[in-house]
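Source file: query22.pdb (PDB, C-alpha atoms)
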```
ATOM      1  CA  MET A  49    -114.766 120.300-115.097
ATOM      2  CA  SER A  50    -115.101 118.043-112.080
ATOM      3  CA  LEU A  51    -113.118 114.855-111.583
ATOM      4  CA  ALA A  52    -116.273 112.756-111.962
ATOM      5  CA  GLU A  53    -117.032 114.428-115.280
ATOM      6  CA  PHE A  54    -113.477 113.782-116.397
ATOM      7  CA  PHE A  55    -113.782 110.074-115.676
ATOM      8  CA  ALA A  56    -117.252 109.865-117.244
ATOM      9  CA  MET A  57    -115.905 111.213-120.583
ATOM     10  CA  GLY A  58    -119.377 112.366-121.597
ATOM     11  CA  GLY A  59    -120.744 108.814-121.293
ATOM     12  CA  TYR A  60    -117.900 107.304-123.339
ATOM     13  CA  GLY A  61    -115.746 106.461-120.308
ATOM     14  CA  PHE A  62    -115.773 102.722-121.011
ATOM     15  CA  TYR A  63    -114.403 103.182-124.523
ATOM     16  CA  VAL A  64    -111.925 105.981-123.775
ATOM     17  CA  TRP A  65    -110.524 104.491-120.546
ATOM     18  CA  GLY A  66    -110.655 100.993-122.001
ATOM     19  CA  SER A  67    -108.333 102.245-124.747
ATOM     20  CA  TYR A  68    -105.943 104.201-122.521
ATOM     21  CA  THR A  69    -105.785 101.571-119.772
ATOM     22  CA  MET A  70    -105.023  98.732-122.169
ATOM     23  CA  THR A  71    -102.294 100.812-123.837
ATOM     24  CA  VAL A  72    -100.651 101.649-120.489
ATOM     25  CA  VAL A  73    -100.845  98.003-119.373
ATOM     26  CA  LEU A  74     -99.343  96.667-122.628
ATOM     27  CA  VAL A  75     -96.538  99.245-122.644
ATOM     28  CA  ALA A  76     -95.753  98.480-118.985
ATOM     29  CA  ILE A  77     -95.628  94.759-119.752
ATOM     30  CA  GLU A  78     -93.245  95.369-122.646
ATOM     31  CA  ILE A  79     -90.923  97.539-120.538
ATOM     32  CA  VAL A  80     -90.789  94.944-117.744
ATOM     33  CA  ALA A  81     -90.315  92.076-120.223
ATOM     34  CA  VAL A  82     -87.513  93.738-122.184
ATOM     35  CA  ARG A  83     -85.605  94.703-119.026
ATOM     36  CA  LYS A  84     -85.997  91.174-117.703
ATOM     37  CA  ARG A  85     -84.681  89.792-120.991
ATOM     38  CA  PHE A  86     -81.655  92.105-120.883
ATOM     39  CA  ARG A  87     -80.828  91.153-117.300
ATOM     40  CA  ALA A  88     -81.169  87.438-118.109
ATOM     41  CA  ALA A  89     -78.898  87.834-121.148
ATOM     42  CA  ARG A  90     -76.320  89.686-119.044
ATOM     43  CA  MET A  91     -76.372  86.941-116.430
ATOM     44  CA  ALA A  92     -75.965  84.248-119.095
ATOM     45  CA  ALA A  93     -72.983  86.100-120.577
ATOM     46  CA  GLN A  94     -71.101  85.982-117.252
ATOM     47  CA  PRO A  95     -67.657  84.477-117.651
ATOM     48  CA  GLY A  96     -67.539  80.935-116.359
ATOM     49  CA  GLU A  97     -71.227  80.230-116.868
ATOM     50  CA  ASN A  98     -70.842  79.229-120.498
ATOM     51  CA  ALA A  99     -67.859  76.968-120.054
ATOM     52  CA  GLY A 100     -69.858  73.782-120.696
TER      53      GLY A 100
ATOM     54  CA  MET B  68     -64.015 113.225-146.111
ATOM     55  CA  GLY B  69     -62.507 115.327-143.370
ATOM     56  CA  SER B  70     -60.307 113.982-140.643
ATOM     57  CA  ASN B  71     -63.079 114.288-138.069
ATOM     58  CA  SER B  72     -65.641 112.275-140.047
ATOM     59  CA  ILE B  73     -67.127 109.323-138.201
ATOM     60  CA  ASN B  74     -66.330 105.837-139.385
ATOM     61  CA  TRP B  75     -69.891 104.527-139.543
ATOM     62  CA  PHE B  76     -68.796 101.007-140.395
ATOM     63  CA  LYS B  77     -67.301 100.842-136.942
ATOM     64  CA  PHE B  78     -70.834 100.841-135.524
ATOM     65  CA  ALA B  79     -71.969  98.094-137.892
ATOM     66  CA  SER B  80     -70.475  95.467-135.595
ATOM     67  CA  PRO B  81     -72.594  94.306-132.652
ATOM     68  CA  THR B  82     -69.626  94.759-130.303
ATOM     69  CA  SER B  83     -69.188  98.468-130.932
ATOM     70  CA  PHE B  84     -72.907  99.127-131.258
ATOM     71  CA  PHE B  85     -73.644  97.619-127.843
ATOM     72  CA  PRO B  86     -72.639 100.693-125.754
ATOM     73  CA  VAL B  87     -74.105 103.094-128.364
ATOM     74  CA  ALA B  88     -77.465 101.293-128.101
ATOM     75  CA  GLY B  89     -77.346 101.703-124.331
ATOM     76  CA  ARG B  90     -76.896 105.472-124.584
ATOM     77  CA  LEU B  91     -79.578 105.781-127.314
ATOM     78  CA  ALA B  92     -82.037 103.807-125.166
ATOM     79  CA  ARG B  93     -81.518 106.142-122.217
ATOM     80  CA  TRP B  94     -81.825 109.342-124.255
ATOM     81  CA  PHE B  95     -84.910 108.321-126.183
ATOM     82  CA  ALA B  96     -86.630 107.072-123.018
ATOM     83  CA  VAL B  97     -85.892 110.419-121.362
ATOM     84  CA  LEU B  98     -87.408 112.225-124.384
ATOM     85  CA  ALA B  99     -90.455 109.968-124.730
ATOM     86  CA  ALA B 100     -91.766 110.389-121.175
ATOM     87  CA  PRO B 101     -92.373 114.197-121.157
ATOM     88  CA  LEU B 102     -93.748 114.072-124.721
ATOM     89  CA  ALA B 103     -96.282 111.429-123.659
ATOM     90  CA  ALA B 104     -97.186 113.411-120.527
ATOM     91  CA  ALA B 105     -97.744 116.592-122.548
ATOM     92  CA  GLY B 106     -99.702 114.723-125.227
ATOM     93  CA  LEU B 107    -101.954 113.067-122.638
ATOM     94  CA  TRP B 108    -102.553 116.375-120.864
ATOM     95  CA  LEU B 109    -103.469 118.147-124.107
ATOM     96  CA  GLY B 110    -105.512 115.239-125.458
ATOM     97  CA  LEU B 111    -107.470 114.279-122.362
ATOM     98  CA  VAL B 112    -107.810 117.581-120.504
ATOM     99  CA  VAL B 113    -107.164 120.623-122.715
ATOM    100  CA  ALA B 114    -108.638 119.573-126.077
ATOM    101  CA  PRO B 115    -112.359 120.409-126.299
ATOM    102  CA  THR B 116    -115.108 117.817-126.718
ATOM    103  CA  ASP B 117    -115.852 117.036-130.364
ATOM    104  CA  ALA B 118    -119.191 118.386-131.643
ATOM    105  CA  GLN B 119    -120.134 115.176-133.466
ATOM    106  CA  GLN B 120    -118.397 112.390-131.572
ATOM    107  CA  GLY B 121    -118.415 113.700-128.008
ATOM    108  CA  ASP B 122    -115.459 112.564-125.896
ATOM    109  CA  ALA B 123    -115.180 109.217-127.707
ATOM    110  CA  TYR B 124    -112.935 110.908-130.274
ATOM    111  CA  ARG B 125    -110.176 111.182-127.623
ATOM    112  CA  ILE B 126    -109.234 107.603-128.534
ATOM    113  CA  ILE B 127    -107.625 109.171-131.623
ATOM    114  CA  PHE B 128    -104.613 110.288-129.555
ATOM    115  CA  ILE B 129    -103.586 106.663-129.090
ATOM    116  CA  HIS B 130    -105.219 105.020-132.070
ATOM    117  CA  VAL B 131    -103.636 107.062-134.863
ATOM    118  CA  PRO B 132    -100.068 107.173-133.463
ATOM    119  CA  ALA B 133    -100.233 103.416-132.719
ATOM    120  CA  ALA B 134    -101.519 102.642-136.223
ATOM    121  CA  TRP B 135     -98.817 104.814-137.803
ATOM    122  CA  MET B 136     -96.122 103.161-135.704
ATOM    123  CA  SER B 137     -97.405  99.662-136.538
ATOM    124  CA  MET B 138     -96.853 100.376-140.254
ATOM    125  CA  PHE B 139     -93.685 102.456-139.870
ATOM    126  CA  ILE B 140     -91.929  99.895-137.659
ATOM    127  CA  TYR B 141     -92.774  97.180-140.182
ATOM    128  CA  LEU B 142     -91.149  99.192-142.982
ATOM    129  CA  VAL B 143     -88.041  99.854-140.865
ATOM    130  CA  MET B 144     -87.919  96.171-139.924
ATOM    131  CA  ALA B 145     -88.216  95.167-143.609
ATOM    132  CA  ALA B 146     -85.415  97.625-144.491
ATOM    133  CA  TRP B 147     -83.123  96.042-141.868
ATOM    134  CA  CYS B 148     -84.082  92.625-143.285
ATOM    135  CA  ALA B 149     -83.146  93.781-146.793
ATOM    136  CA  ALA B 150     -79.817  95.056-145.436
ATOM    137  CA  SER B 151     -79.173  91.795-143.628
ATOM    138  CA  LEU B 152     -79.846  89.768-146.793
ATOM    139  CA  THR B 153     -77.785  91.929-149.146
ATOM    140  CA  LEU B 154     -74.897  92.920-146.854
ATOM    141  CA  ASN B 155     -74.996  89.728-144.785
ATOM    142  CA  ALA B 156     -74.587  91.898-141.680
ATOM    143  CA  ARG B 157     -75.424  90.392-138.315
ATOM    144  CA  LEU B 158     -76.379  93.660-136.661
ATOM    145  CA  SER B 159     -79.027  94.416-139.331
ATOM    146  CA  ALA B 160     -80.749  91.113-138.612
ATOM    147  CA  MET B 161     -80.556  91.804-134.882
ATOM    148  CA  MET B 162     -82.180  95.213-135.367
ATOM    149  CA  ALA B 163     -85.050  93.630-137.299
ATOM    150  CA  GLN B 164     -85.391  90.996-134.582
ATOM    151  CA  ALA B 165     -85.484  93.729-131.918
ATOM    152  CA  LEU B 166     -88.215  95.728-133.669
ATOM    153  CA  ALA B 167     -90.739  92.942-134.299
ATOM    154  CA  PRO B 168     -92.259  92.629-130.786
ATOM    155  CA  THR B 169     -92.684  96.412-130.486
ATOM    156  CA  GLY B 170     -94.310  96.542-133.929
ATOM    157  CA  ALA B 171     -96.672  93.767-132.892
ATOM    158  CA  LEU B 172     -97.459  95.675-129.674
ATOM    159  CA  PHE B 173     -98.445  98.817-131.580
ATOM    160  CA  THR B 174    -100.552  96.713-133.974
ATOM    161  CA  VAL B 175    -102.446  95.198-131.038
ATOM    162  CA  ILE B 176    -102.968  98.690-129.554
ATOM    163  CA  ALA B 177    -104.222 100.027-132.917
ATOM    164  CA  LEU B 178    -106.669  97.121-133.280
ATOM    165  CA  TRP B 179    -107.854  97.276-129.664
ATOM    166  CA  THR B 180    -108.408 101.038-129.592
ATOM    167  CA  GLY B 181    -109.979 100.844-133.044
ATOM    168  CA  ALA B 182    -112.506  98.315-131.774
ATOM    169  CA  LEU B 183    -113.321 100.477-128.745
ATOM    170  CA  TRP B 184    -113.722 103.506-130.985
ATOM    171  CA  GLY B 185    -115.702 101.619-133.636
ATOM    172  CA  ARG B 186    -118.417 100.637-131.169
ATOM    173  CA  PRO B 187    -119.552 104.214-130.291
ATOM    174  CA  ALA B 188    -118.742 105.631-133.752
ATOM    175  CA  TRP B 189    -120.172 102.940-136.043
ATOM    176  CA  GLY B 190    -122.086 100.642-133.684
ATOM    177  CA  THR B 191    -119.686  97.711-134.099
ATOM    178  CA  TYR B 192    -116.404  96.582-132.536
ATOM    179  CA  TRP B 193    -115.244  94.858-135.682
ATOM    180  CA  ALA B 194    -116.037  94.636-139.380
ATOM    181  CA  TRP B 195    -114.207  92.795-142.165
ATOM    182  CA  ASP B 196    -113.436  96.074-143.832
ATOM    183  CA  ALA B 197    -110.274  96.522-145.934
ATOM    184  CA  ARG B 198    -108.432  98.758-143.427
ATOM    185  CA  MET B 199    -109.152  96.584-140.387
ATOM    186  CA  THR B 200    -108.561  93.276-142.158
ATOM    187  CA  SER B 201    -105.211  94.399-143.587
ATOM    188  CA  GLU B 202    -104.145  95.709-140.144
ATOM    189  CA  LEU B 203    -105.050  92.304-138.677
ATOM    190  CA  ILE B 204    -102.904  90.680-141.392
ATOM    191  CA  LEU B 205    -100.063  92.988-140.275
ATOM    192  CA  LEU B 206    -100.345  91.510-136.774
ATOM    193  CA  PHE B 207    -100.157  87.990-138.244
ATOM    194  CA  LEU B 208     -97.070  89.023-140.254
ATOM    195  CA  TYR B 209     -95.312  90.230-137.096
ATOM    196  CA  LEU B 210     -96.318  87.064-135.227
ATOM    197  CA  GLY B 211     -95.337  84.887-138.204
ATOM    198  CA  TYR B 212     -91.931  86.594-138.381
ATOM    199  CA  MET B 213     -91.301  85.992-134.667
ATOM    200  CA  ALA B 214     -92.593  82.404-134.810
ATOM    201  CA  LEU B 215     -90.400  81.581-137.817
ATOM    202  CA  ARG B 216     -87.310  83.019-136.069
ATOM    203  CA  HIS B 217     -88.168  81.024-132.986
ATOM    204  CA  ALA B 218     -88.610  77.786-134.939
ATOM    205  CA  ILE B 219     -85.105  77.840-136.497
ATOM    206  CA  ASP B 220     -82.300  77.028-134.084
ATOM    207  CA  GLU B 221     -79.359  78.311-136.123
ATOM    208  CA  PRO B 222     -79.455  82.149-135.822
ATOM    209  CA  ARG B 223     -77.992  82.963-139.256
ATOM    210  CA  ARG B 224     -80.506  80.667-141.009
ATOM    211  CA  ALA B 225     -83.285  82.212-138.909
ATOM    212  CA  ASP B 226     -82.051  85.661-140.042
ATOM    213  CA  ARG B 227     -82.332  84.758-143.720
ATOM    214  CA  ALA B 228     -85.649  82.894-143.602
ATOM    215  CA  SER B 229     -87.409  85.517-141.470
ATOM    216  CA  ALA B 230     -85.975  88.340-143.606
ATOM    217  CA  VAL B 231     -87.565  86.832-146.718
ATOM    218  CA  LEU B 232     -90.906  86.533-144.904
ATOM    219  CA  ALA B 233     -90.708  90.146-143.676
ATOM    220  CA  LEU B 234     -89.863  91.461-147.162
ATOM    221  CA  VAL B 235     -92.704  89.568-148.849
ATOM    222  CA  GLY B 236     -95.085  90.812-146.153
ATOM    223  CA  ALA B 237     -94.037  94.443-146.728
ATOM    224  CA  VAL B 238     -96.501  94.584-149.643
ATOM    225  CA  ASN B 239     -99.251  94.663-146.996
ATOM    226  CA  VAL B 240     -98.190  98.077-145.646
ATOM    227  CA  PRO B 241     -99.214 100.156-148.699
ATOM    228  CA  ILE B 242    -102.402  98.079-148.825
ATOM    229  CA  ILE B 243    -103.238  99.185-145.259
ATOM    230  CA  TYR B 244    -102.300 102.781-145.951
ATOM    231  CA  PHE B 245    -104.244 103.184-149.212
ATOM    232  CA  SER B 246    -107.127 100.830-148.326
ATOM    233  CA  VAL B 247    -109.375 103.749-147.407
ATOM    234  CA  LYS B 248    -108.823 105.194-150.899
ATOM    235  CA  TRP B 249    -108.896 102.009-152.958
ATOM    236  CA  TRP B 250    -112.020 100.512-151.409
ATOM    237  CA  ASN B 251    -115.218 101.841-149.939
ATOM    238  CA  THR B 252    -114.448 101.127-146.341
ATOM    239  CA  LEU B 253    -116.319 101.623-143.111
ATOM    240  CA  HIS B 254    -113.102 103.120-141.807
ATOM    241  CA  GLN B 255    -112.810 106.842-142.490
ATOM    242  CA  GLY B 256    -110.136 108.359-144.728
ATOM    243  CA  ALA B 257    -106.927 109.961-143.505
ATOM    244  CA  THR B 258    -107.419 112.687-140.896
ATOM    245  CA  VAL B 259    -103.908 114.011-141.368
ATOM    246  CA  SER B 260    -101.839 113.708-144.528
ATOM    247  CA  LEU B 261     -98.616 115.238-145.746
ATOM    248  CA  THR B 262    -100.271 116.717-148.838
ATOM    249  CA  ALA B 263    -103.510 118.254-147.545
ATOM    250  CA  ALA B 264    -104.347 120.686-144.759
ATOM    251  CA  PRO B 265    -105.316 118.750-141.613
ATOM    252  CA  LYS B 266    -109.041 118.307-141.027
ATOM    253  CA  MET B 267    -108.753 118.832-137.294
ATOM    254  CA  ALA B 268    -108.292 121.657-134.807
ATOM    255  CA  SER B 269    -104.692 122.610-134.134
ATOM    256  CA  ILE B 270    -104.797 121.700-130.439
ATOM    257  CA  MET B 271    -105.952 118.184-131.323
ATOM    258  CA  LEU B 272    -103.303 117.971-134.018
ATOM    259  CA  THR B 273    -100.628 119.085-131.538
ATOM    260  CA  ALA B 274    -101.739 116.445-129.021
ATOM    261  CA  MET B 275    -101.676 113.770-131.721
ATOM    262  CA  LEU B 276     -98.212 114.762-132.931
ATOM    263  CA  LEU B 277     -96.872 114.794-129.345
ATOM    264  CA  MET B 278     -98.241 111.289-128.831
ATOM    265  CA  THR B 279     -96.758 110.205-132.173
ATOM    266  CA  PHE B 280     -93.270 111.406-131.240
ATOM    267  CA  ALA B 281     -93.647 109.846-127.785
ATOM    268  CA  ALA B 282     -94.559 106.514-129.412
ATOM    269  CA  TRP B 283     -91.694 106.840-131.872
ATOM    270  CA  PHE B 284     -89.068 107.583-129.221
ATOM    271  CA  TYR B 285     -90.491 104.892-126.944
ATOM    272  CA  ALA B 286     -90.182 102.383-129.792
ATOM    273  CA  ILE B 287     -86.540 103.380-130.366
ATOM    274  CA  ALA B 288     -85.710 103.162-126.653
ATOM    275  CA  VAL B 289     -87.316  99.763-126.115
ATOM    276  CA  ALA B 290     -85.857  98.339-129.353
ATOM    277  CA  MET B 291     -82.380  99.499-128.282
ATOM    278  CA  VAL B 292     -82.663  97.686-124.939
ATOM    279  CA  ARG B 293     -83.947  94.613-126.771
ATOM    280  CA  VAL B 294     -81.128  94.696-129.334
ATOM    281  CA  ARG B 295     -78.632  94.816-126.448
ATOM    282  CA  ALA B 296     -80.244  91.700-125.001
ATOM    283  CA  ILE B 297     -80.154  90.017-128.428
ATOM    284  CA  ILE B 298     -76.480  90.926-128.917
ATOM    285  CA  LEU B 299     -75.630  89.362-125.559
ATOM    286  CA  GLU B 300     -77.767  86.289-126.276
ATOM    287  CA  ARG B 301     -76.195  85.689-129.652
ATOM    288  CA  GLU B 302     -72.613  86.654-128.856
ATOM    289  CA  ARG B 303     -72.380  85.300-125.338
ATOM    290  CA  ARG B 304     -69.650  82.825-126.240
ATOM    291  CA  THR B 305     -67.336  85.591-127.365
ATOM    292  CA  SER B 306     -64.848  87.002-124.902
ATOM    293  CA  TRP B 307     -65.979  90.659-125.235
ATOM    294  CA  ALA B 308     -69.458  89.896-123.870
ATOM    295  CA  GLY B 309     -67.951  88.283-120.807
ATOM    296  CA  ALA B 310     -65.558  91.188-120.466
ATOM    297  CA  PHE B 311     -68.439  93.664-120.644
ATOM    298  CA  VAL B 312     -70.335  91.912-117.888
ATOM    299  CA  GLY B 313     -67.205  91.722-115.797
ATOM    300  CA  ALA B 314     -66.484  95.429-116.263
ATOM    301  CA  ALA B 315     -70.044  96.720-115.848
ATOM    302  CA  ARG B 316     -70.835  95.060-112.537
TER     303      ARG B 316
END
```
Rewritten as structure tokens:
Amino acid sequence: MSLAEFFAMGGYGFYVWGSYTMTVVLVAIEIVAVRKRFRAARMAAQPGENAG
Amino acid sequence: MGSNSINWFKFASPTSFFPVAGRLARWFAVLAAPLAAAGLWLGLVVAPTDAQQGDAYRIIFIHVPAAWMSMFIYLVMAAWCAASLTLNARLSAMMAQALAPTGALFTVIALWTGALWGRPAWGTYWAWDARMTSELILLFLYLGYMALRHAIDEPRRADRASAVLALVGAVNVPIIYFSVKWWNTLHQGATVSLTAAPKMASIMLTAMLLMTFAAWFYAIAVAMVRVRAIILERERRTSWAGAFVGAAR
């Protein structure tokens, strides 16, 4: 199987890669978002920053 | 109980669960990555082209695990909600809160990949068929749960109100699961079930199970990081949270 054949997916490339790409993008967004949220929460929990 | 039995109630407090969640997140992330890599390799490269559907069937390796996870996470979330209502435990509510966005994510993936599979398989991206409509309702339940939480400022009131919503919505999960039996749907019946021999080649089944475990472990890992964030957000005025940040720098 050549690389071009692999990406063509027997003519169904749009549907197959559309599915896999969207999944990878959404999962990546979730990972970045959840790490950002954790870091923000850790910063907000710093002693002295919640004195007010 | 023996002297070396674990006191599980110790972990029911957000304070003691916080470091446990951190370790769980790391371990499950480490497990999920090679499982996903192996599943993708088997599903996209090794598994042969399907005689009827061509290569379009390869969407199954994301679609089915994502659809399973969308329902499974909802049930786990509803169970945590039930625990939070009956035991009045803060950590249970936090666990439910941590699972909702990941459940919604898997629902979106199931719907999106389903649409992209429906087009080549049935000639349409979407139909108001029982399986698809009930899965769309599942997405609205997740979004409704998160919106309701967000709309109530006092966390303990938000816990109770959103838990009731999640529990009422749980009736939708069996409707999704059995929809292909109860109604004549465009969507096909179950490919894999616990009671019957699988209707697919073993290499495809292996790829699908690898992807399912990858999705499962990913969901645990990401929910554990999120629950740590939620614990810090909700307990930030307590001295232990400040002490943790001070110690972990």
Legend entry - Selection result for the ChimeraX specification (/A :<9) & /B on this file, as a PyMOL selection string: chain B and resi 111-112+116+121-126+129-130+168-169+172-173+176+179-184+186-187+289-290+292-300+302-306+308-313
Inset, instruction - Please indicate the distance in Å from atom CA of Phe128 of chain B to atom CA of Met275 of chain B, rounded to one decimal place. - result: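 Computing the Euclidean distance for atom CA of Phe128 of chain B and atom CA of Met275 of chain B yields 5.0 Å.
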Inset, instruction - Mind giving me the straight-line distance from atom CA of Ala100 of chain B to atom CA of Ala274 of chain B in Å, one decimal? - result: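 Distance reported for this atom pair: 14.1 Å.
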Inset, instruction - Work out how far atom CA of Leu166 of chain B is from atom CA of Ala104 of chain B, in Å to one decimal. - result: 23.8 Å
Inset, instruction - Just the residues within 12 Å of Val235 of chain B, please, counting all atoms listed in the file, with nothing from its chain fewer than 3 positions along; format it as a list in words. - result: Tyr141, Leu142, Ala145, Ala146, Cys148, Ala149, Leu205, Leu208, Gly211, Tyr212, Ala228, Ser229, Ala230, Val231, Leu232, Val238, Asn239 and Val240 of chain B
Inset, instruction - Run the PyMOL selection byres ((chain B and resi 242) around 12) on the file and write out the hits as a list of chain:residue names. - result: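 After applying the PyMOL selection byres ((chain B and resi 242) around 12), what remains is B:Met138, B:Ala197, B:Arg198, B:Met199, B:Thr200, B:Ser201, B:Glu202, B:Leu203, B:Ile204, B:Leu205, B:Gly236, B:Ala237, B:Val238, B:Asn239, B:Val240, B:Pro241, B:Ile243, B:Tyr244, B:Phe245, B:Ser246, B:Val247, B:Lys248, B:Trp249, B:Trp250.
The closest residue to Phe284 of chain B, picked from B:Val87, B:Pro101, B:Leu206, B:Leu234 and counting all atoms listed in the file, is B:Pro101.
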Quick one: what's the axis-aligned box for segment 85-95 of chain A, all listed atoms, 8 Å on every side, centre and edges in Å to one decimal, as lines of an AutoDock Vina configuration file?
```
center_x = -76.2
center_y = 88.2
center_z = -118.8
size_x = 33.0
size_y = 23.9
size_z = 20.7
```
Legend entry - Which residue of B:Thr279, B:Arg223, B:Met271, B:Ala160 approaches Phe139 of chain B most closely, using all atoms listed in the file: B:Thr279
Since I can't run it myself right now, could you work out what the PyMOL selection byres ((chain B and resi 253) around 9) selects here and report it as a compact mmCIF listing (two decimals) with C-alpha atoms, in the coordinates of the input?
```txt
# COMPACT_ATOMS: atom_id res chain seq x y z
CA TRP B 189 -120.17 102.94 -136.04
CA ALA B 194 -116.04 94.64 -139.38
CA ASP B 196 -113.44 96.07 -143.83
CA ALA B 197 -110.27 96.52 -145.93
CA ARG B 198 -108.43 98.76 -143.43
CA VAL B 247 -109.38 103.75 -147.41
CA ASN B 251 -115.22 101.84 -149.94
CA THR B 252 -114.45 101.13 -146.34
CA HIS B 254 -113.10 103.12 -141.81
CA GLN B 255 -112.81 106.84 -142.49
```
